[in-house]
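Colleague: If it helps, the file is called final36.csv and holds CSV, C-alpha atoms:
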```
chain,number,residue,atom,x,y,z
A,1,MET,CA,-7.0,-34.0,-15.9
A,2,PRO,CA,-9.2,-32.3,-18.4
A,3,ASP,CA,-10.5,-35.4,-20.3
A,4,LEU,CA,-11.3,-35.2,-23.9
A,5,ASP,CA,-15.1,-34.5,-24.1
A,6,THR,CA,-16.3,-37.0,-26.7
A,7,ASN,CA,-19.8,-35.5,-26.6
A,8,LEU,CA,-18.6,-32.3,-28.3
A,9,PRO,CA,-19.3,-32.3,-32.0
A,10,SER,CA,-15.9,-30.7,-32.7
A,11,ILE,CA,-14.0,-33.4,-30.7
A,12,ARG,CA,-16.0,-36.1,-32.5
A,13,GLN,CA,-15.4,-34.6,-35.9
A,14,ILE,CA,-11.7,-34.7,-35.3
A,15,GLN,CA,-12.0,-38.3,-34.1
A,16,SER,CA,-13.7,-39.1,-37.4
A,17,LEU,CA,-10.9,-37.4,-39.3
A,18,ILE,CA,-8.4,-39.6,-37.4
A,19,LYS,CA,-10.3,-42.8,-38.2
A,20,GLU,CA,-10.8,-42.0,-41.9
A,21,LYS,CA,-7.2,-40.8,-42.3
A,22,LYS,CA,-8.4,-37.7,-44.2
A,23,GLU,CA,-6.0,-35.2,-45.6
A,24,VAL,CA,-6.5,-31.9,-43.8
A,25,GLU,CA,-5.1,-28.4,-43.7
A,26,LEU,CA,-4.7,-26.6,-40.3
A,27,LYS,CA,-4.2,-22.9,-40.1
A,28,VAL,CA,-2.4,-21.7,-37.0
A,29,VAL,CA,-2.1,-18.2,-35.4
A,30,THR,CA,1.3,-17.5,-37.1
A,31,GLY,CA,-0.5,-17.9,-40.4
A,32,ASP,CA,1.3,-21.2,-41.2
A,33,LEU,CA,-0.8,-23.8,-43.0
A,34,ILE,CA,0.0,-27.4,-41.8
A,35,ALA,CA,-1.1,-30.2,-44.1
A,36,GLY,CA,-1.3,-33.9,-43.4
A,37,LYS,CA,-3.3,-36.6,-41.5
A,38,ILE,CA,-4.4,-36.2,-37.9
A,39,PHE,CA,-2.8,-39.0,-35.9
A,40,TRP,CA,-4.1,-38.3,-32.4
A,41,GLN,CA,-5.7,-35.6,-30.3
A,42,ASP,CA,-5.9,-34.9,-26.5
A,43,SER,CA,-7.4,-32.0,-24.7
A,44,GLU,CA,-4.2,-29.9,-25.2
A,45,CYS,CA,-2.8,-30.9,-28.6
A,46,LEU,CA,-3.2,-32.4,-32.1
A,47,SER,CA,-0.6,-34.5,-33.8
A,48,VAL,CA,-0.3,-34.3,-37.6
A,49,LEU,CA,1.7,-36.6,-39.9
A,50,ASP,CA,2.9,-35.2,-43.2
A,51,HIS,CA,3.8,-37.1,-46.5
A,52,TYR,CA,7.2,-37.9,-45.1
A,53,ASP,CA,5.7,-39.3,-41.8
A,54,ARG,CA,7.2,-36.3,-40.0
A,55,GLN,CA,5.1,-35.6,-36.9
A,56,THR,CA,4.1,-32.2,-35.8
A,57,VAL,CA,2.5,-31.7,-32.4
A,58,ILE,CA,0.2,-28.6,-32.5
A,59,TRP,CA,-1.2,-26.9,-29.5
A,60,LYS,CA,-5.0,-26.4,-29.8
A,61,HIS,CA,-4.8,-22.9,-28.4
A,62,ALA,CA,-2.8,-22.0,-31.5
A,63,ILE,CA,-5.2,-23.5,-34.0
A,64,VAL,CA,-7.4,-21.1,-36.0
A,65,PHE,CA,-9.3,-23.6,-38.3
A,66,ILE,CA,-9.1,-27.0,-39.9
A,67,GLN,CA,-10.3,-27.9,-43.4
A,68,PRO,CA,-10.4,-30.9,-45.7
A,69,LYS,CA,-7.4,-30.6,-48.1
A,70,ALA,CA,-8.4,-28.5,-51.2
B,1,MET,CA,-0.9,-26.3,-8.2
B,2,PRO,CA,-1.8,-27.5,-11.7
B,3,ASP,CA,0.2,-30.7,-11.8
B,4,LEU,CA,1.6,-32.0,-15.0
B,5,ASP,CA,-0.9,-34.6,-16.3
B,6,THR,CA,1.3,-37.5,-17.3
B,7,ASN,CA,-1.7,-39.4,-18.7
B,8,LEU,CA,-2.0,-36.9,-21.6
B,9,PRO,CA,-0.3,-38.2,-24.8
B,10,SER,CA,1.1,-34.7,-25.5
B,11,ILE,CA,2.7,-34.5,-22.1
B,12,ARG,CA,4.1,-38.0,-22.4
B,13,GLN,CA,5.5,-37.3,-25.9
B,14,ILE,CA,7.4,-34.3,-24.6
B,15,GLN,CA,8.7,-36.5,-21.7
B,16,SER,CA,10.0,-38.9,-24.3
B,17,LEU,CA,11.7,-36.1,-26.2
B,18,ILE,CA,13.4,-35.1,-23.0
B,19,LYS,CA,14.6,-38.7,-22.2
B,20,GLU,CA,15.8,-39.4,-25.7
B,21,LYS,CA,17.5,-35.9,-26.0
B,22,LYS,CA,16.0,-35.5,-29.5
B,23,GLU,CA,16.7,-32.3,-31.5
B,24,VAL,CA,13.5,-30.4,-32.0
B,25,GLU,CA,12.2,-27.2,-33.5
B,26,LEU,CA,9.6,-25.1,-31.7
B,27,LYS,CA,7.5,-22.5,-33.4
B,28,VAL,CA,6.2,-19.7,-31.2
B,29,VAL,CA,3.5,-17.1,-31.7
B,30,THR,CA,6.0,-14.4,-32.8
B,31,GLY,CA,7.0,-16.7,-35.7
B,32,ASP,CA,10.4,-17.4,-34.1
B,33,LEU,CA,11.7,-21.0,-34.5
B,34,ILE,CA,13.7,-22.2,-31.5
B,35,ALA,CA,15.9,-25.2,-32.0
B,36,GLY,CA,17.5,-27.5,-29.4
B,37,LYS,CA,16.9,-30.2,-26.9
B,38,ILE,CA,14.1,-30.1,-24.4
B,39,PHE,CA,15.5,-30.1,-20.9
B,40,TRP,CA,12.4,-30.0,-18.7
B,41,GLN,CA,8.7,-29.1,-18.8
B,42,ASP,CA,6.2,-28.2,-16.2
B,43,SER,CA,2.5,-27.2,-16.5
B,44,GLU,CA,3.5,-23.6,-17.5
B,45,CYS,CA,6.8,-23.8,-19.5
B,46,LEU,CA,9.3,-25.8,-21.5
B,47,SER,CA,13.1,-25.3,-21.2
B,48,VAL,CA,15.2,-25.8,-24.3
B,49,LEU,CA,19.0,-26.0,-24.5
B,50,ASP,CA,20.7,-25.0,-27.8
B,51,HIS,CA,24.1,-26.0,-29.2
B,52,TYR,CA,25.9,-23.6,-26.9
B,53,ASP,CA,24.0,-24.9,-23.8
B,54,ARG,CA,22.1,-21.6,-23.6
B,55,GLN,CA,18.8,-22.2,-21.9
B,56,THR,CA,15.5,-20.7,-23.2
B,57,VAL,CA,12.4,-21.0,-21.0
B,58,ILE,CA,9.4,-20.9,-23.2
B,59,TRP,CA,5.8,-20.3,-22.0
B,60,LYS,CA,3.5,-23.1,-23.3
B,61,HIS,CA,0.7,-20.5,-24.0
B,62,ALA,CA,3.1,-19.1,-26.7
B,63,ILE,CA,4.0,-22.4,-28.4
B,64,VAL,CA,2.3,-23.1,-31.8
B,65,PHE,CA,3.9,-26.5,-32.6
B,66,ILE,CA,6.9,-28.7,-32.0
B,67,GLN,CA,8.6,-30.9,-34.7
B,68,PRO,CA,11.6,-33.2,-34.8
B,69,LYS,CA,14.5,-31.2,-36.3
B,70,ALA,CA,14.4,-31.4,-40.2
C,1,MET,CA,-5.9,-15.4,-5.0
C,2,PRO,CA,-3.9,-17.5,-7.4
C,3,ASP,CA,-0.7,-17.9,-5.2
C,4,LEU,CA,2.6,-18.2,-6.9
C,5,ASP,CA,3.3,-22.0,-7.0
C,6,THR,CA,6.9,-22.2,-5.8
C,7,ASN,CA,7.0,-26.0,-6.5
C,8,LEU,CA,7.0,-25.3,-10.3
C,9,PRO,CA,10.5,-25.4,-11.9
C,10,SER,CA,9.6,-22.4,-14.0
C,11,ILE,CA,8.6,-20.3,-11.0
C,12,ARG,CA,11.7,-21.4,-9.1
C,13,GLN,CA,14.0,-20.6,-12.1
C,14,ILE,CA,12.6,-17.1,-12.2
C,15,GLN,CA,13.1,-16.8,-8.4
C,16,SER,CA,16.8,-17.8,-8.9
C,17,LEU,CA,17.2,-15.2,-11.7
C,18,ILE,CA,15.8,-12.6,-9.2
C,19,LYS,CA,18.2,-13.6,-6.4
C,20,GLU,CA,21.2,-13.8,-8.6
C,21,LYS,CA,20.4,-10.5,-10.4
C,22,LYS,CA,21.1,-12.1,-13.8
C,23,GLU,CA,20.8,-10.1,-17.0
C,24,VAL,CA,18.0,-11.5,-19.1
C,25,GLU,CA,16.2,-10.9,-22.3
C,26,LEU,CA,12.4,-11.4,-22.5
C,27,LYS,CA,10.6,-11.8,-25.8
C,28,VAL,CA,7.0,-10.7,-25.8
C,29,VAL,CA,4.1,-11.4,-28.2
C,30,THR,CA,4.6,-8.0,-30.1
C,31,GLY,CA,8.1,-9.2,-30.9
C,32,ASP,CA,9.8,-6.6,-28.6
C,33,LEU,CA,12.8,-7.8,-26.7
C,34,ILE,CA,13.0,-6.4,-23.2
C,35,ALA,CA,16.5,-6.6,-21.4
C,36,GLY,CA,17.3,-6.1,-17.8
C,37,LYS,CA,17.2,-7.8,-14.4
C,38,ILE,CA,14.0,-9.3,-13.0
C,39,PHE,CA,13.0,-7.5,-9.9
C,40,TRP,CA,9.9,-9.4,-8.8
C,41,GLN,CA,7.2,-11.8,-10.1
C,42,ASP,CA,3.7,-12.6,-9.0
C,43,SER,CA,1.2,-15.0,-10.6
C,44,GLU,CA,0.2,-12.3,-13.1
C,45,CYS,CA,3.3,-10.2,-13.9
C,46,LEU,CA,7.1,-9.9,-14.0
C,47,SER,CA,8.9,-6.7,-13.2
C,48,VAL,CA,12.1,-5.9,-15.1
C,49,LEU,CA,14.7,-3.1,-14.3
C,50,ASP,CA,16.8,-1.8,-17.2
C,51,HIS,CA,20.2,-0.1,-17.0
C,52,TYR,CA,18.6,3.2,-16.2
C,53,ASP,CA,16.6,1.6,-13.3
C,54,ARG,CA,13.4,2.1,-15.4
C,55,GLN,CA,10.9,-0.5,-14.3
C,56,THR,CA,8.7,-2.4,-16.8
C,57,VAL,CA,5.8,-4.5,-15.6
C,58,ILE,CA,5.2,-7.3,-18.1
C,59,TRP,CA,2.1,-9.5,-18.1
C,60,LYS,CA,3.0,-13.2,-18.1
C,61,HIS,CA,0.3,-13.9,-20.7
C,62,ALA,CA,2.3,-11.8,-23.1
C,63,ILE,CA,5.7,-13.4,-22.5
C,64,VAL,CA,7.0,-15.8,-25.2
C,65,PHE,CA,10.4,-16.8,-23.7
C,66,ILE,CA,13.1,-15.7,-21.4
C,67,GLN,CA,16.9,-16.2,-22.0
C,68,PRO,CA,20.1,-15.2,-20.2
C,69,LYS,CA,21.5,-12.1,-22.0
C,70,ALA,CA,23.6,-13.1,-25.0
D,1,MET,CA,-18.2,-30.8,-20.3
D,2,PRO,CA,-18.7,-27.1,-20.8
D,3,ASP,CA,-22.2,-27.1,-22.1
D,4,LEU,CA,-23.3,-24.5,-24.6
D,5,ASP,CA,-25.1,-21.8,-22.6
D,6,THR,CA,-28.2,-21.2,-24.6
D,7,ASN,CA,-29.2,-18.3,-22.2
D,8,LEU,CA,-26.3,-16.1,-23.6
D,9,PRO,CA,-27.5,-13.7,-26.3
D,10,SER,CA,-24.3,-14.4,-28.3
D,11,ILE,CA,-25.0,-18.1,-28.3
D,12,ARG,CA,-28.6,-17.6,-29.2
D,13,GLN,CA,-27.7,-15.2,-32.0
D,14,ILE,CA,-25.5,-17.8,-33.6
D,15,GLN,CA,-28.2,-20.4,-33.1
D,16,SER,CA,-30.5,-18.1,-35.1
D,17,LEU,CA,-27.9,-17.7,-37.9
D,18,ILE,CA,-27.8,-21.5,-38.1
D,19,LYS,CA,-31.6,-21.9,-38.4
D,20,GLU,CA,-32.0,-19.1,-40.9
D,21,LYS,CA,-29.0,-20.2,-43.0
D,22,LYS,CA,-27.8,-16.6,-43.2
D,23,GLU,CA,-24.6,-15.8,-45.2
D,24,VAL,CA,-22.0,-14.5,-42.7
D,25,GLU,CA,-18.4,-13.3,-42.7
D,26,LEU,CA,-16.1,-14.4,-39.9
D,27,LYS,CA,-12.9,-12.5,-39.2
D,28,VAL,CA,-10.2,-14.6,-37.4
D,29,VAL,CA,-7.0,-13.6,-35.6
D,30,THR,CA,-4.8,-14.2,-38.6
D,31,GLY,CA,-6.8,-11.6,-40.5
D,32,ASP,CA,-8.5,-14.2,-42.8
D,33,LEU,CA,-12.2,-13.6,-43.6
D,34,ILE,CA,-14.2,-16.8,-43.8
D,35,ALA,CA,-17.5,-16.6,-45.6
D,36,GLY,CA,-20.4,-19.0,-45.7
D,37,LYS,CA,-23.3,-20.4,-43.6
D,38,ILE,CA,-22.8,-21.6,-40.0
D,39,PHE,CA,-23.6,-25.2,-39.8
D,40,TRP,CA,-23.2,-26.0,-36.1
D,41,GLN,CA,-21.6,-24.6,-33.0
D,42,ASP,CA,-20.4,-26.2,-29.7
D,43,SER,CA,-18.6,-24.6,-26.8
D,44,GLU,CA,-15.2,-24.9,-28.5
D,45,CYS,CA,-15.8,-24.4,-32.3
D,46,LEU,CA,-18.1,-23.2,-35.1
D,47,SER,CA,-18.5,-25.0,-38.4
D,48,VAL,CA,-18.9,-23.0,-41.6
D,49,LEU,CA,-20.0,-24.3,-45.0
D,50,ASP,CA,-18.9,-22.3,-48.1
D,51,HIS,CA,-20.5,-22.2,-51.6
D,52,TYR,CA,-18.8,-25.5,-52.5
D,53,ASP,CA,-20.1,-27.2,-49.4
D,54,ARG,CA,-16.5,-27.3,-48.1
D,55,GLN,CA,-16.6,-27.4,-44.3
D,56,THR,CA,-14.3,-25.3,-42.1
D,57,VAL,CA,-14.1,-25.9,-38.4
D,58,ILE,CA,-13.1,-22.7,-36.6
D,59,TRP,CA,-12.0,-22.5,-33.0
D,60,LYS,CA,-14.0,-19.9,-31.1
D,61,HIS,CA,-10.8,-18.6,-29.3
D,62,ALA,CA,-9.5,-17.6,-32.8
D,63,ILE,CA,-12.7,-15.6,-33.8
D,64,VAL,CA,-12.6,-11.8,-33.7
D,65,PHE,CA,-16.0,-11.0,-35.1
D,66,ILE,CA,-18.9,-12.2,-37.1
D,67,GLN,CA,-21.0,-10.1,-39.5
D,68,PRO,CA,-23.9,-10.6,-42.0
D,69,LYS,CA,-22.4,-10.8,-45.4
D,70,ALA,CA,-22.0,-7.4,-47.0
E,1,MET,CA,-17.2,-12.2,-9.4
E,2,PRO,CA,-13.4,-12.3,-9.7
E,3,ASP,CA,-12.4,-9.7,-7.1
E,4,LEU,CA,-9.3,-7.6,-7.6
E,5,ASP,CA,-6.6,-9.3,-5.5
E,6,THR,CA,-5.0,-6.4,-3.7
E,7,ASN,CA,-2.4,-8.7,-2.2
E,8,LEU,CA,-0.7,-9.1,-5.6
E,9,PRO,CA,2.3,-6.8,-6.1
E,10,SER,CA,1.2,-6.1,-9.7
E,11,ILE,CA,-2.3,-5.0,-8.6
E,12,ARG,CA,-0.9,-2.9,-5.9
E,13,GLN,CA,1.7,-1.3,-8.2
E,14,ILE,CA,-1.1,-0.2,-10.5
E,15,GLN,CA,-3.1,1.1,-7.5
E,16,SER,CA,-0.1,3.2,-6.6
E,17,LEU,CA,0.1,4.6,-10.2
E,18,ILE,CA,-3.5,5.5,-9.9
E,19,LYS,CA,-3.1,7.4,-6.6
E,20,GLU,CA,0.1,9.2,-7.7
E,21,LYS,CA,-1.4,10.1,-11.1
E,22,LYS,CA,1.8,9.0,-12.8
E,23,GLU,CA,2.2,9.3,-16.6
E,24,VAL,CA,2.5,5.8,-18.0
E,25,GLU,CA,2.9,4.1,-21.4
E,26,LEU,CA,1.0,0.9,-22.1
E,27,LYS,CA,2.0,-1.4,-24.9
E,28,VAL,CA,-0.8,-3.6,-26.2
E,29,VAL,CA,-0.8,-6.8,-28.4
E,30,THR,CA,-1.5,-4.8,-31.6
E,31,GLY,CA,1.8,-2.9,-31.0
E,32,ASP,CA,0.0,0.4,-30.1
E,33,LEU,CA,1.5,2.5,-27.3
E,34,ILE,CA,-1.2,4.2,-25.1
E,35,ALA,CA,0.0,7.1,-23.0
E,36,GLY,CA,-1.8,8.8,-20.1
E,37,LYS,CA,-2.7,8.4,-16.5
E,38,ILE,CA,-4.4,5.3,-15.1
E,39,PHE,CA,-7.8,6.2,-13.8
E,40,TRP,CA,-9.2,2.9,-12.5
E,41,GLN,CA,-8.7,-0.8,-12.8
E,42,ASP,CA,-10.9,-3.8,-12.2
E,43,SER,CA,-10.1,-7.5,-12.7
E,44,GLU,CA,-10.9,-7.2,-16.4
E,45,CYS,CA,-9.8,-3.8,-17.6
E,46,LEU,CA,-7.7,-0.6,-17.0
E,47,SER,CA,-9.0,2.9,-17.8
E,48,VAL,CA,-6.4,5.5,-19.1
E,49,LEU,CA,-7.0,9.2,-19.5
E,50,ASP,CA,-4.9,11.1,-22.1
E,51,HIS,CA,-4.0,14.8,-22.2
E,52,TYR,CA,-7.4,15.7,-23.6
E,53,ASP,CA,-9.2,13.7,-20.9
E,54,ARG,CA,-10.2,11.2,-23.4
E,55,GLN,CA,-10.8,7.8,-21.7
E,56,THR,CA,-9.6,4.5,-23.1
E,57,VAL,CA,-10.8,1.3,-21.5
E,58,ILE,CA,-8.1,-1.4,-22.2
E,59,TRP,CA,-8.7,-5.1,-21.6
E,60,LYS,CA,-6.0,-6.6,-19.4
E,61,HIS,CA,-5.7,-9.7,-21.6
E,62,ALA,CA,-4.5,-7.4,-24.4
E,63,ILE,CA,-1.8,-5.6,-22.3
E,64,VAL,CA,1.9,-6.5,-22.9
E,65,PHE,CA,3.6,-4.2,-20.5
E,66,ILE,CA,3.4,-0.9,-18.6
E,67,GLN,CA,6.2,1.6,-18.1
E,68,PRO,CA,6.6,5.0,-16.5
E,69,LYS,CA,6.6,7.6,-19.4
E,70,ALA,CA,10.1,8.1,-20.8
F,1,MET,CA,-23.3,-19.9,-17.0
F,2,PRO,CA,-20.8,-17.1,-16.4
F,3,ASP,CA,-23.2,-14.2,-15.6
F,4,LEU,CA,-22.3,-10.7,-16.5
F,5,ASP,CA,-20.8,-9.2,-13.3
F,6,THR,CA,-22.6,-5.9,-13.0
F,7,ASN,CA,-20.4,-4.9,-10.1
F,8,LEU,CA,-17.4,-4.5,-12.3
F,9,PRO,CA,-16.7,-0.9,-13.3
F,10,SER,CA,-15.8,-2.1,-16.8
F,11,ILE,CA,-19.1,-3.9,-17.3
F,12,ARG,CA,-21.0,-1.0,-15.9
F,13,GLN,CA,-19.2,1.5,-18.2
F,14,ILE,CA,-20.2,-0.6,-21.2
F,15,GLN,CA,-23.8,-0.7,-19.9
F,16,SER,CA,-23.7,3.1,-19.7
F,17,LEU,CA,-22.4,3.3,-23.3
F,18,ILE,CA,-25.3,1.1,-24.4
F,19,LYS,CA,-28.0,3.2,-22.6
F,20,GLU,CA,-26.6,6.6,-23.8
F,21,LYS,CA,-26.1,5.3,-27.4
F,22,LYS,CA,-22.6,6.8,-27.5
F,23,GLU,CA,-20.5,6.4,-30.7
F,24,VAL,CA,-17.5,4.3,-29.9
F,25,GLU,CA,-14.4,2.9,-31.5
F,26,LEU,CA,-13.3,-0.6,-30.7
F,27,LYS,CA,-9.8,-1.8,-31.6
F,28,VAL,CA,-9.4,-5.6,-32.0
F,29,VAL,CA,-6.4,-7.9,-32.1
F,30,THR,CA,-6.2,-7.9,-35.9
F,31,GLY,CA,-5.7,-4.1,-35.7
F,32,ASP,CA,-9.2,-3.4,-37.2
F,33,LEU,CA,-11.0,-0.4,-35.8
F,34,ILE,CA,-14.8,-1.0,-35.5
F,35,ALA,CA,-17.0,2.1,-35.1
F,36,GLY,CA,-20.6,2.3,-34.0
F,37,LYS,CA,-23.0,2.1,-31.1
F,38,ILE,CA,-22.9,-0.8,-28.6
F,39,PHE,CA,-26.2,-2.6,-28.8
F,40,TRP,CA,-25.8,-5.4,-26.2
F,41,GLN,CA,-23.1,-7.2,-24.2
F,42,ASP,CA,-22.9,-10.6,-22.5
F,43,SER,CA,-20.0,-12.3,-20.8
F,44,GLU,CA,-18.6,-13.5,-24.1
F,45,CYS,CA,-19.4,-10.9,-26.8
F,46,LEU,CA,-20.3,-7.3,-27.6
F,47,SER,CA,-22.7,-6.3,-30.4
F,48,VAL,CA,-22.0,-3.1,-32.4
F,49,LEU,CA,-24.3,-1.3,-34.8
F,50,ASP,CA,-22.8,0.8,-37.5
F,51,HIS,CA,-24.3,3.8,-39.5
F,52,TYR,CA,-26.1,1.3,-41.8
F,53,ASP,CA,-27.5,-0.7,-38.9
F,54,ARG,CA,-25.3,-3.6,-39.8
F,55,GLN,CA,-24.6,-5.6,-36.7
F,56,THR,CA,-21.1,-6.9,-35.8
F,57,VAL,CA,-20.8,-9.4,-32.9
F,58,ILE,CA,-17.3,-9.1,-31.4
F,59,TRP,CA,-15.7,-11.6,-29.1
F,60,LYS,CA,-14.5,-9.9,-25.9
F,61,HIS,CA,-11.3,-12.1,-25.9
F,62,ALA,CA,-10.4,-10.3,-29.2
F,63,ILE,CA,-11.0,-6.7,-28.0
F,64,VAL,CA,-7.9,-4.5,-27.2
F,65,PHE,CA,-9.6,-1.3,-26.2
F,66,ILE,CA,-12.7,0.9,-26.5
F,67,GLN,CA,-12.8,4.7,-26.9
F,68,PRO,CA,-15.4,7.4,-27.4
F,69,LYS,CA,-15.4,8.2,-31.1
F,70,ALA,CA,-12.8,10.9,-31.8
```
Represent the structure contained in this file as structure tokens.

Modeller:
Amino acid sequence: MPDLDTNLPSIRQIQSLIKEKKEVELKVVTGDLIAGKIFWQDSECLSVLDHYDRQTVIWKHAIVFIQPKA
Amino acid sequence: MPDLDTNLPSIRQIQSLIKEKKEVELKVVTGDLIAGKIFWQDSECLSVLDHYDRQTVIWKHAIVFIQPKA
Amino acid sequence: MPDLDTNLPSIRQIQSLIKEKKEVELKVVTGDLIAGKIFWQDSECLSVLDHYDRQTVIWKHAIVFIQPKA
Amino acid sequence: MPDLDTNLPSIRQIQSLIKEKKEVELKVVTGDLIAGKIFWQDSECLSVLDHYDRQTVIWKHAIVFIQPKA
Amino acid sequence: MPDLDTNLPSIRQIQSLIKEKKEVELKVVTGDLIAGKIFWQDSECLSVLDHYDRQTVIWKHAIVFIQPKA
Amino acid sequence: MPDLDTNLPSIRQIQSLIKEKKEVELKVVTGDLIAGKIFWQDSECLSVLDHYDRQTVIWKHAIVFIQPKA
């Protein structure tokens, strides 16, 4: 199992976003922009909850960038 | 053989979707949206059954995100 | 050499498609849809024969999904 | 943990850009051009700060190229 | 060094195309179609010579499929 | 550290292009064509200098092909 490396700044930054329940925007390779709060991450995926509590599980290999919501 | 890591939240969430026969939508890198019920997963692929019981085998490297059907 | 893992459901499903000479459609990352019968697979590629017995060798990293022909 | 290999010229060049707070442009796979100063890098991601100090965390697998700002 | 695995059918098929100097068409992820004769391959790249003996070195990760010239 | 494998023909060909300061064109996954002289390579990236000595650092995972300038 590829454990989540909690020493990596990028992994820790996402852990902070989860704890602080910050609104974020995620751009994925199809060009879609997914907005919401990150709910959990593992080594493969991120889970995002939108305003309607709908959950989207996003594969990390398909993520381009993440930003605080504008 | 890269076994399916059943400790990963993302793998377990998909296992739940399989057991509960939930309708899902899968976005892939070409922008196509594939709807149906997940039938099985292994470390490489997911299999989805649509309303006509037609099976689509999707490579995980091509998946962007998965959502409960709207 | 990365051997073909014949314990994986996805690998075995493709092996069945080869034996049964089923007509399939393969969607690739460029959006092209390739139709024909799968002739062989290895860990890197799939080979597909069309109606004119023209062979296309497709890299697995470029495959999005495979379906029985509609 | 995949440590950052500080012997690689590409890693060191990015470390220099961080120290010198150079303005750069990053092209990503969606075609977006992200401008700003690189704030940190790890083996998975780069962080870029724009003129409004908004932080964007970019996955390295999604980066095409980096240039000094024109 | 990742040696070229000459036991793989896909690697051997390309070796045959090189020996027989067959005209091929290569589709890459940008949608471009590159025509010519394969000159050499290694584990990372293929080299193709066109009618003007211009050489193109193509990364295997960017290849979608290869076909005999129509 | 993934050392640059100088036994690979593709790596050596790029090393030759660097020594001979040949004008090349690089196609990347976004469809952009980058022209210039290759300045250095490591296992992750290539650096290209254009006519104005502007340096572009290109990730190898994003390169489709390289050609001598037409």

Colleague: Between atom CA of Ile58 of chain B and atom CA of Asp32 of chain C, what is the spacing in Å?

Modeller: 15.3 Å

Colleague: Might you pull out every residue within 12 Å of Leu8 of chain B, with all atoms listed in the file counted and same-chain residues fewer than 4 positions away left off, and present them as a ChimeraX atom specification?

Modeller: /A:1-4,40-46 /B:3-4,12-15,43

Colleague: In Å, rounded to a single decimal, give me how far atom CA of Lys69 of chain B is from atom CA of Asp50 of chain B.

Modeller: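 Answer for the atom CA of Asp50 of chain B to atom CA of Lys69 of chain B separation: 12.2 Å.
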
Colleague: Excluding segment 66-68 of chain B and residues on its chain fewer than 4 positions from it, collect all residues at most 6 Å away from it, counting all atoms listed in the file, and give them as a list in words.

Modeller: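 Skipping anything fewer than 4 positions along the chain leaves Thr56 and Val57 of chain A; Val24, Glu25 and Leu26 of chain B.
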
Colleague: How about saving the chosen residues, C-alpha atoms kept, as a PDB file, keeping the file's coordinate frame?

Modeller:
```pdb
ATOM      1  CA  THR A  56       4.100 -32.200 -35.800  1.00  0.00           C
ATOM      2  CA  VAL A  57       2.500 -31.700 -32.400  1.00  0.00           C
TER       3      VAL A  57
ATOM      4  CA  VAL B  24      13.500 -30.400 -32.000  1.00  0.00           C
ATOM      5  CA  GLU B  25      12.200 -27.200 -33.500  1.00  0.00           C
ATOM      6  CA  LEU B  26       9.600 -25.100 -31.700  1.00  0.00           C
TER       7      LEU B  26
END
```

Colleague: Could you tell me how far atom CA of Val48 of chain F lies from atom CA of Lys21 of chain D, in Å and to one decimal?

Modeller: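 Pair atom CA of Val48 of chain F / atom CA of Lys21 of chain D returns 21.3 Å.
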
Colleague: Write out as a list in words which residues come within 10 Å of Tyr52 of chain F when counting only C-alpha atoms, dropping same-chain ones fewer than 3 positions away.

Modeller: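 Contacts, in chain order: Gly36, Leu49 and Gln55 of chain F.
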
Colleague: Considering all atoms listed in the file, state which residue in the set A:Leu33, A:Ile11, A:Ile38, A:Leu17 is at the smallest distance from Asp53 of chain A.

Modeller: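 For Asp53 of chain A, the nearest of the given residues is A:Ile38.
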
Colleague: Using all atoms listed in the file and a distance of at most 7 Å, pull out the residues of chain A that contact chain D, as a PyMOL selection string.

Modeller: chain A and resi 5+8-10+29+31+63-67

Colleague: Mind dumping the selected residues with C-alpha atoms as a PDB file, in the frame of the given file?

Modeller:
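This went into selection-v1.pdb:
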```
ATOM      1  CA  ASP A   5     -15.100 -34.500 -24.100  1.00  0.00           C
ATOM      2  CA  LEU A   8     -18.600 -32.300 -28.300  1.00  0.00           C
ATOM      3  CA  PRO A   9     -19.300 -32.300 -32.000  1.00  0.00           C
ATOM      4  CA  SER A  10     -15.900 -30.700 -32.700  1.00  0.00           C
ATOM      5  CA  VAL A  29      -2.100 -18.200 -35.400  1.00  0.00           C
ATOM      6  CA  GLY A  31      -0.500 -17.900 -40.400  1.00  0.00           C
ATOM      7  CA  ILE A  63      -5.200 -23.500 -34.000  1.00  0.00           C
ATOM      8  CA  VAL A  64      -7.400 -21.100 -36.000  1.00  0.00           C
ATOM      9  CA  PHE A  65      -9.300 -23.600 -38.300  1.00  0.00           C
ATOM     10  CA  ILE A  66      -9.100 -27.000 -39.900  1.00  0.00           C
ATOM     11  CA  GLN A  67     -10.300 -27.900 -43.400  1.00  0.00           C
TER      12      GLN A  67
END
```
